[in-house]
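Q: Data: structure37.json, JSON, C-alpha atoms.
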```
[["chain", "number", "residue", "atom", "x", "y", "z"],
["A", 123, "MET", "CA", 116.57, 129.61, 133.20],
["A", 124, "ASP", "CA", 114.40, 127.21, 131.28],
["A", 125, "MET", "CA", 110.90, 125.77, 131.69],
["A", 126, "ARG", "CA", 108.60, 123.01, 130.52],
["A", 127, "ALA", "CA", 106.27, 123.82, 127.64],
["A", 128, "ILE", "CA", 104.33, 122.22, 124.82],
["A", 129, "VAL", "CA", 105.65, 123.59, 121.54],
["A", 130, "LEU", "CA", 104.03, 123.00, 118.14],
["A", 131, "ASP", "CA", 106.39, 123.10, 115.15],
["A", 132, "GLY", "CA", 103.41, 122.49, 112.86],
["A", 133, "PRO", "CA", 100.19, 120.49, 112.74],
["A", 134, "VAL", "CA", 100.39, 117.18, 114.63],
["A", 135, "THR", "CA", 98.18, 114.43, 115.96],
["A", 136, "PRO", "CA", 97.38, 114.45, 119.69],
["A", 137, "GLU", "CA", 99.75, 111.54, 120.21],
["A", 138, "GLU", "CA", 102.65, 113.55, 118.74],
["A", 139, "MET", "CA", 102.37, 116.34, 121.32],
["A", 140, "ARG", "CA", 105.35, 116.46, 123.70],
["A", 141, "VAL", "CA", 106.68, 118.51, 126.62],
["A", 142, "ARG", "CA", 110.06, 120.08, 125.94],
["A", 143, "ARG", "CA", 112.45, 122.48, 127.68],
["A", 144, "VAL", "CA", 112.58, 126.06, 126.41],
["A", 145, "ALA", "CA", 113.87, 129.37, 127.76],
["A", 146, "VAL", "CA", 111.66, 131.29, 130.18],
["A", 147, "PRO", "CA", 110.38, 134.37, 128.27],
["A", 148, "GLU", "CA", 111.23, 137.92, 129.34],
["A", 149, "PRO", "CA", 108.40, 140.48, 129.51],
["A", 150, "PRO", "CA", 108.86, 143.90, 127.89],
["A", 151, "ALA", "CA", 107.22, 146.99, 129.36],
["A", 152, "GLY", "CA", 103.44, 146.70, 129.23],
["A", 153, "TRP", "CA", 103.57, 142.91, 129.40],
["A", 154, "VAL", "CA", 103.30, 140.54, 132.37],
["A", 155, "ARG", "CA", 105.04, 137.24, 133.06],
["A", 156, "ILE", "CA", 102.71, 134.76, 134.75],
["A", 157, "LYS", "CA", 103.76, 131.62, 136.58],
["A", 158, "VAL", "CA", 101.12, 129.27, 135.19],
["A", 159, "GLU", "CA", 99.40, 126.93, 137.63],
["A", 160, "ALA", "CA", 96.65, 125.62, 135.34],
["A", 161, "PHE", "CA", 95.17, 126.14, 131.91],
["A", 162, "GLY", "CA", 91.98, 125.03, 130.23],
["A", 163, "LEU", "CA", 91.73, 123.40, 126.81],
["A", 164, "ASN", "CA", 89.76, 125.06, 124.03],
["A", 165, "ARG", "CA", 88.56, 124.15, 120.55],
["A", 166, "SER", "CA", 90.66, 126.89, 118.97],
["A", 167, "GLU", "CA", 93.76, 125.05, 120.25],
["A", 168, "TYR", "CA", 92.49, 121.88, 118.60],
["A", 169, "HIS", "CA", 92.03, 123.83, 115.35],
["A", 170, "LEU", "CA", 95.61, 125.15, 115.62],
["A", 171, "ARG", "CA", 97.09, 121.75, 116.48],
["A", 172, "ALA", "CA", 95.17, 119.98, 113.72],
["A", 173, "GLY", "CA", 96.12, 122.50, 111.03],
["A", 174, "PHE", "CA", 92.71, 124.15, 110.60],
["A", 175, "ALA", "CA", 93.71, 127.62, 111.84],
["A", 176, "THR", "CA", 94.12, 130.20, 109.08],
["A", 177, "ASN", "CA", 96.23, 132.59, 111.18],
["A", 178, "ALA", "CA", 98.69, 130.01, 112.54],
["A", 179, "ARG", "CA", 102.41, 130.65, 112.89],
["A", 180, "PHE", "CA", 104.91, 128.03, 113.95],
["A", 181, "PRO", "CA", 106.73, 127.22, 116.11],
["A", 182, "VAL", "CA", 104.35, 128.34, 118.85],
["A", 183, "ILE", "CA", 103.34, 127.46, 122.39],
["A", 184, "PRO", "CA", 99.54, 127.14, 122.14],
["A", 185, "GLY", "CA", 96.98, 128.08, 124.75],
["A", 186, "ILE", "CA", 94.52, 130.99, 124.77],
["A", 187, "GLU", "CA", 94.14, 131.11, 128.57],
["A", 188, "ALA", "CA", 96.01, 130.52, 131.82],
["A", 189, "ALA", "CA", 95.64, 130.92, 135.57],
["A", 190, "GLY", "CA", 98.48, 131.57, 137.98],
["A", 191, "THR", "CA", 100.40, 134.29, 139.77],
["A", 192, "VAL", "CA", 102.28, 137.33, 138.55],
["A", 193, "ASP", "CA", 105.99, 136.60, 138.33],
["A", 194, "LEU", "CA", 107.15, 139.89, 136.82],
["A", 195, "ALA", "CA", 105.40, 143.06, 135.62],
["A", 196, "PRO", "CA", 108.07, 145.58, 134.58],
["A", 197, "GLY", "CA", 105.44, 148.28, 134.06],
["A", 198, "GLY", "CA", 104.09, 147.89, 137.58],
["A", 199, "GLU", "CA", 100.55, 147.02, 136.48],
["A", 200, "PHE", "CA", 100.39, 144.07, 138.89],
["A", 201, "ALA", "CA", 102.23, 143.05, 142.04],
["A", 202, "ALA", "CA", 104.44, 139.98, 142.13],
["A", 203, "GLY", "CA", 102.56, 137.01, 143.55],
["A", 204, "GLN", "CA", 99.13, 138.43, 142.69],
["A", 205, "GLN", "CA", 96.54, 135.86, 141.57],
["A", 206, "VAL", "CA", 95.52, 136.44, 137.97],
["A", 207, "VAL", "CA", 94.04, 134.85, 134.90],
["A", 208, "ALA", "CA", 94.85, 135.71, 131.30],
["A", 209, "MET", "CA", 93.00, 135.01, 128.09],
["A", 210, "MET", "CA", 92.74, 135.83, 124.39],
["A", 211, "GLY", "CA", 94.44, 138.94, 122.99],
["A", 212, "GLY", "CA", 96.54, 136.84, 120.61],
["A", 213, "MET", "CA", 97.65, 134.23, 123.15],
["A", 214, "GLY", "CA", 98.82, 131.03, 121.50],
["A", 215, "ARG", "CA", 98.60, 132.49, 118.00],
["A", 216, "GLU", "CA", 100.30, 135.88, 117.66],
["A", 217, "TYR", "CA", 102.64, 135.08, 120.56],
["A", 218, "ASP", "CA", 103.29, 132.09, 122.82],
["A", 219, "GLY", "CA", 100.37, 131.05, 125.02],
["A", 220, "GLY", "CA", 99.52, 129.24, 128.21],
["A", 221, "TYR", "CA", 100.73, 125.65, 127.60],
["A", 222, "ALA", "CA", 103.85, 126.31, 129.67],
["A", 223, "GLU", "CA", 105.19, 126.89, 133.17],
["A", 224, "TYR", "CA", 105.50, 130.61, 132.40],
["A", 225, "THR", "CA", 103.72, 132.77, 129.85],
["A", 226, "VAL", "CA", 104.20, 136.43, 128.89],
["A", 227, "VAL", "CA", 101.06, 138.35, 127.89],
["A", 228, "PRO", "CA", 99.97, 141.98, 127.45],
["A", 229, "ALA", "CA", 98.81, 143.57, 130.70],
["A", 230, "SER", "CA", 95.47, 144.26, 128.98],
["A", 231, "SER", "CA", 94.81, 140.50, 128.76],
["A", 232, "VAL", "CA", 95.30, 139.97, 132.51],
["A", 233, "ILE", "CA", 92.43, 139.94, 135.03],
["A", 234, "PRO", "CA", 93.21, 140.01, 138.77],
["A", 235, "VAL", "CA", 91.26, 137.64, 140.99],
["A", 236, "ARG", "CA", 91.03, 136.76, 144.70],
["A", 237, "THR", "CA", 89.90, 133.25, 145.55],
["A", 238, "ASP", "CA", 90.60, 130.12, 147.57],
["A", 239, "LEU", "CA", 89.47, 127.89, 144.70],
["A", 240, "ASP", "CA", 91.95, 125.19, 143.75],
["A", 241, "TRP", "CA", 94.05, 125.99, 140.71],
["A", 242, "ALA", "CA", 92.42, 123.40, 138.47],
["A", 243, "THR", "CA", 88.98, 124.90, 139.07],
["A", 244, "LEU", "CA", 90.21, 128.46, 138.55],
["A", 245, "GLY", "CA", 92.07, 127.34, 135.42],
["A", 246, "ALA", "CA", 88.80, 126.06, 133.97],
["A", 247, "LEU", "CA", 87.03, 129.38, 134.23],
["A", 248, "PRO", "CA", 88.57, 132.27, 132.21],
["A", 249, "GLU", "CA", 87.83, 131.48, 128.57],
["A", 250, "MET", "CA", 84.74, 129.41, 129.37],
["A", 251, "LEU", "CA", 83.15, 132.24, 131.37],
["A", 252, "GLN", "CA", 84.34, 134.95, 128.98],
["A", 253, "THR", "CA", 82.84, 133.22, 125.94],
["A", 254, "ALA", "CA", 79.60, 132.31, 127.71],
["A", 255, "HIS", "CA", 79.22, 135.76, 129.29],
["A", 256, "GLY", "CA", 80.00, 137.59, 126.04],
["A", 257, "SER", "CA", 77.72, 135.38, 123.96],
["A", 258, "LEU", "CA", 74.81, 135.85, 126.36],
["A", 259, "HIS", "CA", 75.19, 139.55, 127.10],
["A", 260, "THR", "CA", 76.96, 141.01, 124.04],
["A", 261, "GLY", "CA", 75.70, 138.56, 121.41],
["A", 262, "LEU", "CA", 72.17, 137.93, 122.70],
["A", 263, "ALA", "CA", 71.48, 140.73, 125.22],
["A", 264, "ILE", "CA", 69.55, 138.24, 127.38],
["A", 265, "GLU", "CA", 66.90, 139.39, 129.87],
["A", 266, "PRO", "CA", 65.35, 137.62, 132.87],
["A", 267, "GLY", "CA", 62.21, 135.72, 131.94],
["A", 268, "GLN", "CA", 63.35, 134.89, 128.41],
["A", 269, "SER", "CA", 63.83, 131.41, 126.95],
["A", 270, "LEU", "CA", 67.22, 130.33, 125.61],
["A", 271, "LEU", "CA", 68.26, 127.43, 123.38],
["A", 272, "ILE", "CA", 71.88, 126.27, 123.65],
["A", 273, "ARG", "CA", 72.94, 124.15, 120.69],
["A", 274, "GLY", "CA", 75.94, 122.05, 121.82],
["A", 275, "GLY", "CA", 75.01, 122.05, 125.48],
["A", 276, "THR", "CA", 77.55, 119.57, 126.85],
["A", 277, "SER", "CA", 80.56, 121.54, 125.57],
["A", 278, "SER", "CA", 82.41, 123.58, 128.18],
["A", 279, "VAL", "CA", 80.92, 126.85, 126.88],
["A", 280, "GLY", "CA", 77.48, 125.23, 126.60],
["A", 281, "VAL", "CA", 77.66, 124.11, 130.23],
["A", 282, "ALA", "CA", 78.80, 127.56, 131.40],
["A", 283, "ALA", "CA", 76.16, 129.34, 129.30],
["A", 284, "ALA", "CA", 73.39, 127.21, 130.80],
["A", 285, "VAL", "CA", 74.56, 127.92, 134.33],
["A", 286, "LEU", "CA", 74.96, 131.67, 133.73],
["A", 287, "ALA", "CA", 71.59, 131.91, 131.97],
["A", 288, "LYS", "CA", 69.82, 130.14, 134.84],
["A", 289, "GLU", "CA", 71.56, 132.45, 137.31],
["A", 290, "HIS", "CA", 70.21, 135.37, 135.23],
["A", 291, "GLY", "CA", 66.64, 134.07, 135.37],
["A", 292, "LEU", "CA", 66.11, 132.43, 131.96],
["A", 293, "THR", "CA", 64.37, 129.20, 130.98],
["A", 294, "VAL", "CA", 67.02, 127.06, 129.31],
["A", 295, "PHE", "CA", 66.75, 124.49, 126.53],
["A", 296, "SER", "CA", 70.02, 122.65, 125.86],
["A", 297, "THR", "CA", 70.96, 119.96, 123.35],
["A", 298, "THR", "CA", 73.13, 116.87, 123.35],
["A", 299, "ARG", "CA", 73.51, 114.15, 120.72],
["A", 300, "ASN", "CA", 73.95, 111.54, 123.46],
["A", 301, "PRO", "CA", 70.71, 110.58, 125.27],
["A", 302, "GLN", "CA", 72.77, 109.44, 128.28],
["A", 303, "ARG", "CA", 73.92, 113.04, 128.84],
["A", 304, "THR", "CA", 70.47, 114.54, 129.35],
["A", 305, "GLN", "CA", 70.64, 113.79, 133.08],
["A", 306, "VAL", "CA", 73.90, 115.75, 133.33],
["A", 307, "LEU", "CA", 72.15, 118.73, 131.75],
["A", 308, "ARG", "CA", 69.29, 118.43, 134.25],
["A", 309, "GLU", "CA", 71.79, 118.39, 137.12],
["A", 310, "LEU", "CA", 73.22, 121.66, 135.80],
["A", 311, "GLY", "CA", 69.75, 123.22, 136.01],
["A", 312, "VAL", "CA", 68.70, 122.95, 132.35],
["A", 313, "ASP", "CA", 64.90, 123.09, 132.18],
["A", 314, "HIS", "CA", 64.51, 121.23, 128.90],
["A", 315, "PRO", "CA", 67.33, 118.86, 127.81],
["A", 316, "ILE", "CA", 66.85, 117.90, 124.15],
["A", 317, "VAL", "CA", 68.43, 115.02, 122.26],
["A", 318, "ASP", "CA", 69.74, 116.49, 119.02],
["A", 319, "ASP", "CA", 68.72, 114.33, 116.07],
["A", 320, "GLY", "CA", 69.03, 117.19, 113.61],
["A", 321, "ASN", "CA", 65.45, 118.38, 114.12],
["A", 322, "VAL", "CA", 65.72, 120.41, 117.31],
["A", 323, "ALA", "CA", 63.37, 123.16, 116.11],
["A", 324, "GLU", "CA", 60.39, 120.81, 116.05],
["A", 325, "LYS", "CA", 61.13, 119.60, 119.59],
["A", 326, "VAL", "CA", 61.54, 123.15, 120.88],
["A", 327, "ARG", "CA", 58.27, 124.30, 119.34],
["A", 328, "GLU", "CA", 56.42, 121.38, 120.89],
["A", 329, "ILE", "CA", 57.28, 122.99, 124.23],
["A", 330, "VAL", "CA", 57.14, 126.67, 123.24],
["A", 331, "PRO", "CA", 55.14, 126.95, 119.98],
["A", 332, "THR", "CA", 56.26, 130.48, 119.16],
["A", 333, "GLY", "CA", 59.97, 129.59, 119.49],
["A", 334, "VAL", "CA", 62.66, 130.68, 121.93],
["A", 335, "HIS", "CA", 63.64, 134.29, 122.53],
["A", 336, "ALA", "CA", 67.35, 133.57, 122.09],
["A", 337, "ALA", "CA", 69.58, 130.80, 120.80],
["A", 338, "LEU", "CA", 73.30, 130.17, 121.18],
["A", 339, "GLU", "CA", 74.81, 128.21, 118.27],
["A", 340, "LEU", "CA", 77.90, 126.26, 119.33],
["A", 341, "VAL", "CA", 77.73, 123.35, 116.85],
["A", 342, "GLY", "CA", 78.38, 125.12, 113.56],
["A", 343, "THR", "CA", 76.82, 126.24, 110.32],
["A", 344, "ASN", "CA", 75.51, 122.73, 109.65],
["A", 345, "ALA", "CA", 73.12, 123.10, 112.62],
["A", 346, "LEU", "CA", 72.44, 126.82, 112.19],
["A", 347, "PRO", "CA", 69.37, 126.60, 109.87],
["A", 348, "ASP", "CA", 67.56, 124.35, 112.35],
["A", 349, "THR", "CA", 68.53, 126.65, 115.24],
["A", 350, "LEU", "CA", 67.15, 129.64, 113.34],
["A", 351, "LYS", "CA", 63.86, 127.76, 112.85],
["A", 352, "ALA", "CA", 63.62, 127.21, 116.61],
["A", 353, "THR", "CA", 63.79, 130.96, 117.27],
["A", 354, "ALA", "CA", 60.83, 133.29, 117.63],
["A", 355, "VAL", "CA", 60.12, 136.34, 115.47],
["A", 356, "HIS", "CA", 62.28, 139.19, 116.82],
["A", 357, "GLY", "CA", 64.40, 136.58, 118.61],
["A", 358, "THR", "CA", 68.18, 136.42, 118.18],
["A", 359, "VAL", "CA", 70.60, 133.63, 117.28],
["A", 360, "CYS", "CA", 74.25, 134.13, 118.23],
["A", 361, "PHE", "CA", 76.83, 132.10, 116.31],
["A", 362, "THR", "CA", 79.76, 131.48, 118.66],
["A", 363, "GLY", "CA", 81.10, 127.95, 118.23],
["A", 364, "MET", "CA", 82.02, 125.38, 115.61],
["A", 365, "LEU", "CA", 82.11, 122.03, 117.42],
["A", 366, "SER", "CA", 81.37, 120.34, 114.10],
["A", 367, "ASP", "CA", 84.30, 122.16, 112.42],
["A", 368, "THR", "CA", 81.77, 123.46, 109.86],
["A", 369, "TRP", "CA", 82.44, 127.20, 109.68],
["A", 370, "THR", "CA", 81.12, 128.65, 106.43],
["A", 371, "ILE", "CA", 77.81, 128.80, 104.57],
["A", 372, "PRO", "CA", 78.13, 127.99, 100.84],
["A", 373, "ASP", "CA", 76.02, 130.18, 98.52],
["A", 374, "PHE", "CA", 74.57, 132.15, 101.42],
["A", 375, "TYR", "CA", 71.27, 133.80, 100.43],
["A", 376, "PRO", "CA", 69.96, 135.66, 103.51],
["A", 377, "MET", "CA", 66.28, 135.85, 102.51],
["A", 378, "ASP", "CA", 66.12, 132.10, 102.00],
["A", 379, "TYR", "CA", 68.40, 131.21, 104.92],
["A", 380, "ILE", "CA", 67.11, 133.42, 107.76],
["A", 381, "PRO", "CA", 63.44, 133.14, 108.81],
["A", 382, "ASN", "CA", 61.37, 136.34, 108.69],
["A", 383, "GLY", "CA", 62.09, 138.61, 111.63],
["A", 384, "VAL", "CA", 64.79, 136.44, 113.24],
["A", 385, "ARG", "CA", 68.08, 138.16, 113.99],
["A", 386, "LEU", "CA", 71.44, 136.48, 113.36],
["A", 387, "THR", "CA", 74.56, 137.76, 115.06],
["A", 388, "ALA", "CA", 77.96, 136.36, 116.11],
["A", 389, "TYR", "CA", 80.36, 136.57, 119.02],
["A", 390, "GLY", "CA", 84.13, 136.17, 119.10],
["A", 391, "GLY", "CA", 85.19, 138.61, 121.78],
["A", 392, "GLU", "CA", 88.16, 139.43, 123.95],
["A", 393, "SER", "CA", 88.98, 139.57, 127.66],
["A", 394, "GLU", "CA", 87.67, 143.13, 127.97],
["A", 395, "ASP", "CA", 84.15, 141.77, 127.31],
["A", 396, "LEU", "CA", 84.34, 140.14, 130.75],
["A", 397, "PRO", "CA", 84.97, 142.95, 133.26],
["A", 398, "ALA", "CA", 87.11, 142.09, 136.26],
["A", 399, "GLU", "CA", 84.15, 142.74, 138.59],
["A", 400, "ALA", "CA", 81.95, 140.29, 136.65],
["A", 401, "PHE", "CA", 84.68, 137.63, 136.61],
["A", 402, "GLN", "CA", 85.25, 138.04, 140.34],
["A", 403, "ARG", "CA", 81.51, 137.72, 140.97],
["A", 404, "TYR", "CA", 81.33, 134.51, 138.96],
["A", 405, "VAL", "CA", 84.40, 133.10, 140.75],
["A", 406, "ASP", "CA", 82.82, 133.92, 144.12],
["A", 407, "LEU", "CA", 79.59, 132.17, 143.06],
["A", 408, "VAL", "CA", 81.58, 129.10, 142.01],
["A", 409, "ALA", "CA", 83.42, 129.10, 145.34],
["A", 410, "ALA", "CA", 80.11, 129.38, 147.21],
["A", 411, "GLY", "CA", 78.65, 126.40, 145.34],
["A", 412, "LYS", "CA", 76.06, 128.59, 143.63],
["A", 413, "LEU", "CA", 77.49, 128.33, 140.11],
["A", 414, "PRO", "CA", 77.97, 124.63, 139.31],
["A", 415, "ILE", "CA", 80.77, 124.62, 136.73],
["A", 416, "ARG", "CA", 81.56, 121.14, 135.45],
["A", 417, "ILE", "CA", 85.16, 119.96, 134.96],
["A", 418, "ASP", "CA", 85.31, 116.70, 133.02],
["A", 419, "ARG", "CA", 88.92, 115.78, 133.84],
["A", 420, "VAL", "CA", 92.23, 117.26, 135.02],
["A", 421, "PHE", "CA", 95.45, 116.25, 133.24],
["A", 422, "THR", "CA", 99.18, 116.76, 133.82],
["A", 423, "MET", "CA", 101.30, 118.49, 131.18],
["A", 424, "GLU", "CA", 102.75, 115.12, 130.19],
["A", 425, "GLU", "CA", 99.19, 113.96, 129.43],
["A", 426, "ILE", "CA", 98.54, 116.77, 126.94],
["A", 427, "GLY", "CA", 98.20, 114.31, 124.05],
["A", 428, "ALA", "CA", 95.54, 112.32, 125.88],
["A", 429, "ALA", "CA", 93.73, 115.56, 126.75],
["A", 430, "HIS", "CA", 93.68, 116.66, 123.10],
["A", 431, "ARG", "CA", 92.46, 113.22, 122.04],
["A", 432, "VAL", "CA", 89.50, 113.54, 124.43],
["A", 433, "MET", "CA", 88.78, 117.04, 123.09],
["A", 434, "GLU", "CA", 89.05, 116.02, 119.44],
["A", 435, "ASP", "CA", 86.78, 113.01, 119.98],
["A", 436, "GLY", "CA", 84.16, 115.10, 121.80],
["A", 437, "ALA", "CA", 84.31, 112.70, 124.74],
["A", 438, "ALA", "CA", 84.11, 115.34, 127.49],
["A", 439, "VAL", "CA", 81.12, 116.89, 129.22],
["A", 440, "GLY", "CA", 82.35, 120.23, 130.47],
["A", 441, "LYS", "CA", 85.89, 121.57, 130.70],
["A", 442, "LEU", "CA", 89.23, 119.81, 130.26],
["A", 443, "VAL", "CA", 92.02, 121.29, 132.40],
["A", 444, "VAL", "CA", 95.79, 120.81, 132.67],
["A", 445, "ARG", "CA", 97.35, 121.35, 136.10],
["A", 446, "VAL", "CA", 100.90, 122.65, 135.73],
["A", 447, "GLY", "CA", 103.02, 121.19, 138.52],
["A", 448, "ALA", "CA", 105.50, 118.39, 139.11],
["A", 449, "PRO", "CA", 106.02, 116.11, 136.09],
["A", 450, "ALA", "CA", 103.95, 112.94, 136.01],
["A", 451, "THR", "CA", 105.68, 109.88, 137.42]]
```
Could I get this file's structure written as structure tokens?
A:
Amino acid sequence: MDMRAIVLDGPVTPEEMRVRRVAVPEPPAGWVRIKVEAFGLNRSEYHLRAGFATNARFPVIPGIEAAGTVDLAPGGEFAAGQQVVAMMGGMGREYDGGYAEYTVVPASSVIPVRTDLDWATLGALPEMLQTAHGSLHTGLAIEPGQSLLIRGGTSSVGVAAAVLAKEHGLTVFSTTRNPQRTQVLRELGVDHPIVDDGNVAEKVREIVPTGVHAALELVGTNALPDTLKATAVHGTVCFTGMLSDTWTIPDFYPMDYIPNGVRLTAYGGESEDLPAEAFQRYVDLVAAGKLPIRIDRVFTMEEIGAAHRVMEDGAAVGKLVVRVGAPAT
């Protein structure tokens, strides 16, 4: 039996991405085969596709997340037909990932879920919620009543982080380089949308002179010094994302780089950082209309090149999703 999948033989442009037919993978004991219904797009897949990933191996089916139903679990960890999502754990890098009609993943990377949400919406959630949840709770240890700055607020993780932080009782500052997107941030519940002109710290301190309690850096090391300056003494900055593709700090000298008393940490976690109970709670809140997750656009598998072009160009506000179903006509 074969299936449709997007396979990368090496770095390519978005327009060179194609659907091809490959064999359906067989799961060994301890692994689960999932019939994929939808998958979200992530920056790490852009890095892999563009040739930036340092741990790439080719050929590979990319995709660090997927949503669907259990097709086969030889170890009995899950029942056939059970709704699940899968994420991280080496998906799309160490072994084939979610850009396919079927994917085989370790049972430890699978989270069961019960929901009536449509597949595209569920497919948008796993990695977005895992990264936002882990950054806020593991990276920043947020508490109700605190203030939070999100640098890169219109990215999918930035949108999710704002929504989760508001749900947790924080005052949220969130940045965008596009003044026309500030209204979108307000609609998501952001208290203080900020147009990022490279001097966000000054704008933050005009509102809260002592600085924010916590800051989530999603842009990259080029924005990090300014984010650190926006943060209060004994506040924490969590480095999670690299939307600018600027990853390293040349000639890093901590005493000159980090303001006195500001803490700098990082987050790059795994699926176990988002417990199944927490994921189910978030999914239920989304279904009840109490957690306004934003999906920018849903694509077919045959439109994967167009989807990656939108991602590479930074043209989306929120999550890009591919719905795995009948081929486009």
Q: Tell me, in Å to one decimal, how far CA of Lys288 (chain A) is from CA of Leu270 (chain A).
A: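 Computed distance, CA of Lys288 (chain A) to CA of Leu270 (chain A), equals 9.6 Å.
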Q: For Thr298 (chain A), which of A:Leu239, A:Ala438, A:Val207, A:Val129 is the closest residue, counting all atoms listed in the file?
A: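 The answer is A:Ala438, which sits nearest to Thr298 (chain A).
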Q: Could you state the separation of CA of Gly440 (chain A) and CA of Met209 (chain A) in Å, given to one decimal place?
A: 18.4 Å
Q: Kindly compute an axis-aligned box around the listed atoms of region 379-392 of chain A, allowing 8 Å on each side, and express its centre and edge lengths in Å to one decimal as AutoDock Vina command-line options.
A:
```
--center_x 74.8 --center_y 135.3 --center_z 114.4 --size_x 42.8 --size_y 24.2 --size_z 35.0
```
Q: What is the CA of Glu289 (chain A) to CA of Ser230 (chain A) distance in Å?
A: 27.9 Å
Q: If you count only C-alpha atoms, which residues fall within 8 Å of Leu310 (chain A), apart from same-chain ones fewer than 2 positions away, as a PyMOL selection string?
A: chain A and resi 281+284-285+306-308+312+414
Q: Write out, as a PDB file, in the coordinates of the input, the residues just selected, with C-alpha atoms.
A:
```pdb
ATOM      1  CA  VAL A 281      77.660 124.110 130.230  1.00  0.00           C
ATOM      2  CA  ALA A 284      73.390 127.210 130.800  1.00  0.00           C
ATOM      3  CA  VAL A 285      74.560 127.920 134.330  1.00  0.00           C
ATOM      4  CA  VAL A 306      73.900 115.750 133.330  1.00  0.00           C
ATOM      5  CA  LEU A 307      72.150 118.730 131.750  1.00  0.00           C
ATOM      6  CA  ARG A 308      69.290 118.430 134.250  1.00  0.00           C
ATOM      7  CA  VAL A 312      68.700 122.950 132.350  1.00  0.00           C
ATOM      8  CA  PRO A 414      77.970 124.630 139.310  1.00  0.00           C
TER       9      PRO A 414
END
```
Q: Excluding Ile417 (chain A) and its own-chain neighbours fewer than 4 positions away, which residues fall within 9 Å of it when counting all atoms listed in the file? Please give them as a ChimeraX atom specification.
A: /A:242-243,246,278,438-443
Q: Between A:Pro147, A:Gly162, A:Gly198, A:Pro372, which has the minimum distance to Tyr221 (chain A) (counting all atoms listed in the file)?
A: A:Gly162
Q: Check the smallest atom-to-atom distance from each of A:Met364, A:Ala336, A:Leu413, A:Val226 to His169 (chain A) using only C-alpha atoms, then report the winner.
A: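 Distance minimum relative to His169 (chain A) lands on A:Met364.
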Q: Complete region 292-296 of chain A at the level of all heavy atoms, written as a PDB file, in the frame of the given file.
A:
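Final file, selection_37.pdb:
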```pdb
ATOM      1  N   LEU A 292      66.682 132.892 133.223  1.00  0.00           N
ATOM      2  CA  LEU A 292      66.110 132.430 131.960  1.00  0.00           C
ATOM      3  C   LEU A 292      65.648 130.980 132.066  1.00  0.00           C
ATOM      4  O   LEU A 292      66.119 130.223 132.924  1.00  0.00           O
ATOM      5  CB  LEU A 292      67.130 132.539 130.823  1.00  0.00           C
ATOM      6  CG  LEU A 292      67.261 133.925 130.159  1.00  0.00           C
ATOM      7  CD1 LEU A 292      67.977 134.919 131.070  1.00  0.00           C
ATOM      8  CD2 LEU A 292      67.956 133.819 128.806  1.00  0.00           C
ATOM      9  N   THR A 293      64.737 130.601 131.181  1.00  0.00           N
ATOM     10  CA  THR A 293      64.370 129.200 130.980  1.00  0.00           C
ATOM     11  C   THR A 293      65.279 128.646 129.903  1.00  0.00           C
ATOM     12  O   THR A 293      65.368 129.209 128.806  1.00  0.00           O
ATOM     13  CB  THR A 293      62.898 129.081 130.536  1.00  0.00           C
ATOM     14  OG1 THR A 293      62.061 129.602 131.563  1.00  0.00           O
ATOM     15  CG2 THR A 293      62.533 127.632 130.264  1.00  0.00           C
ATOM     16  N   VAL A 294      65.956 127.551 130.191  1.00  0.00           N
ATOM     17  CA  VAL A 294      67.020 127.060 129.310  1.00  0.00           C
ATOM     18  C   VAL A 294      66.662 125.731 128.663  1.00  0.00           C
ATOM     19  O   VAL A 294      66.300 124.766 129.350  1.00  0.00           O
ATOM     20  CB  VAL A 294      68.349 126.933 130.082  1.00  0.00           C
ATOM     21  CG1 VAL A 294      69.441 126.338 129.187  1.00  0.00           C
ATOM     22  CG2 VAL A 294      68.795 128.296 130.621  1.00  0.00           C
ATOM     23  N   PHE A 295      66.772 125.696 127.341  1.00  0.00           N
ATOM     24  CA  PHE A 295      66.750 124.490 126.530  1.00  0.00           C
ATOM     25  C   PHE A 295      68.195 124.211 126.136  1.00  0.00           C
ATOM     26  O   PHE A 295      68.913 125.135 125.752  1.00  0.00           O
ATOM     27  CB  PHE A 295      65.936 124.684 125.247  1.00  0.00           C
ATOM     28  CG  PHE A 295      64.486 125.001 125.443  1.00  0.00           C
ATOM     29  CD1 PHE A 295      64.080 126.231 125.981  1.00  0.00           C
ATOM     30  CD2 PHE A 295      63.500 124.101 125.050  1.00  0.00           C
ATOM     31  CE1 PHE A 295      62.741 126.536 126.142  1.00  0.00           C
ATOM     32  CE2 PHE A 295      62.155 124.394 125.203  1.00  0.00           C
ATOM     33  CZ  PHE A 295      61.780 125.619 125.753  1.00  0.00           C
ATOM     34  N   SER A 296      68.628 122.954 126.193  1.00  0.00           N
ATOM     35  CA  SER A 296      70.020 122.650 125.860  1.00  0.00           C
ATOM     36  C   SER A 296      70.091 121.287 125.186  1.00  0.00           C
ATOM     37  O   SER A 296      69.400 120.351 125.589  1.00  0.00           O
ATOM     38  CB  SER A 296      70.885 122.673 127.121  1.00  0.00           C
ATOM     39  OG  SER A 296      72.255 122.602 126.801  1.00  0.00           O
TER      40      SER A 296
END
```
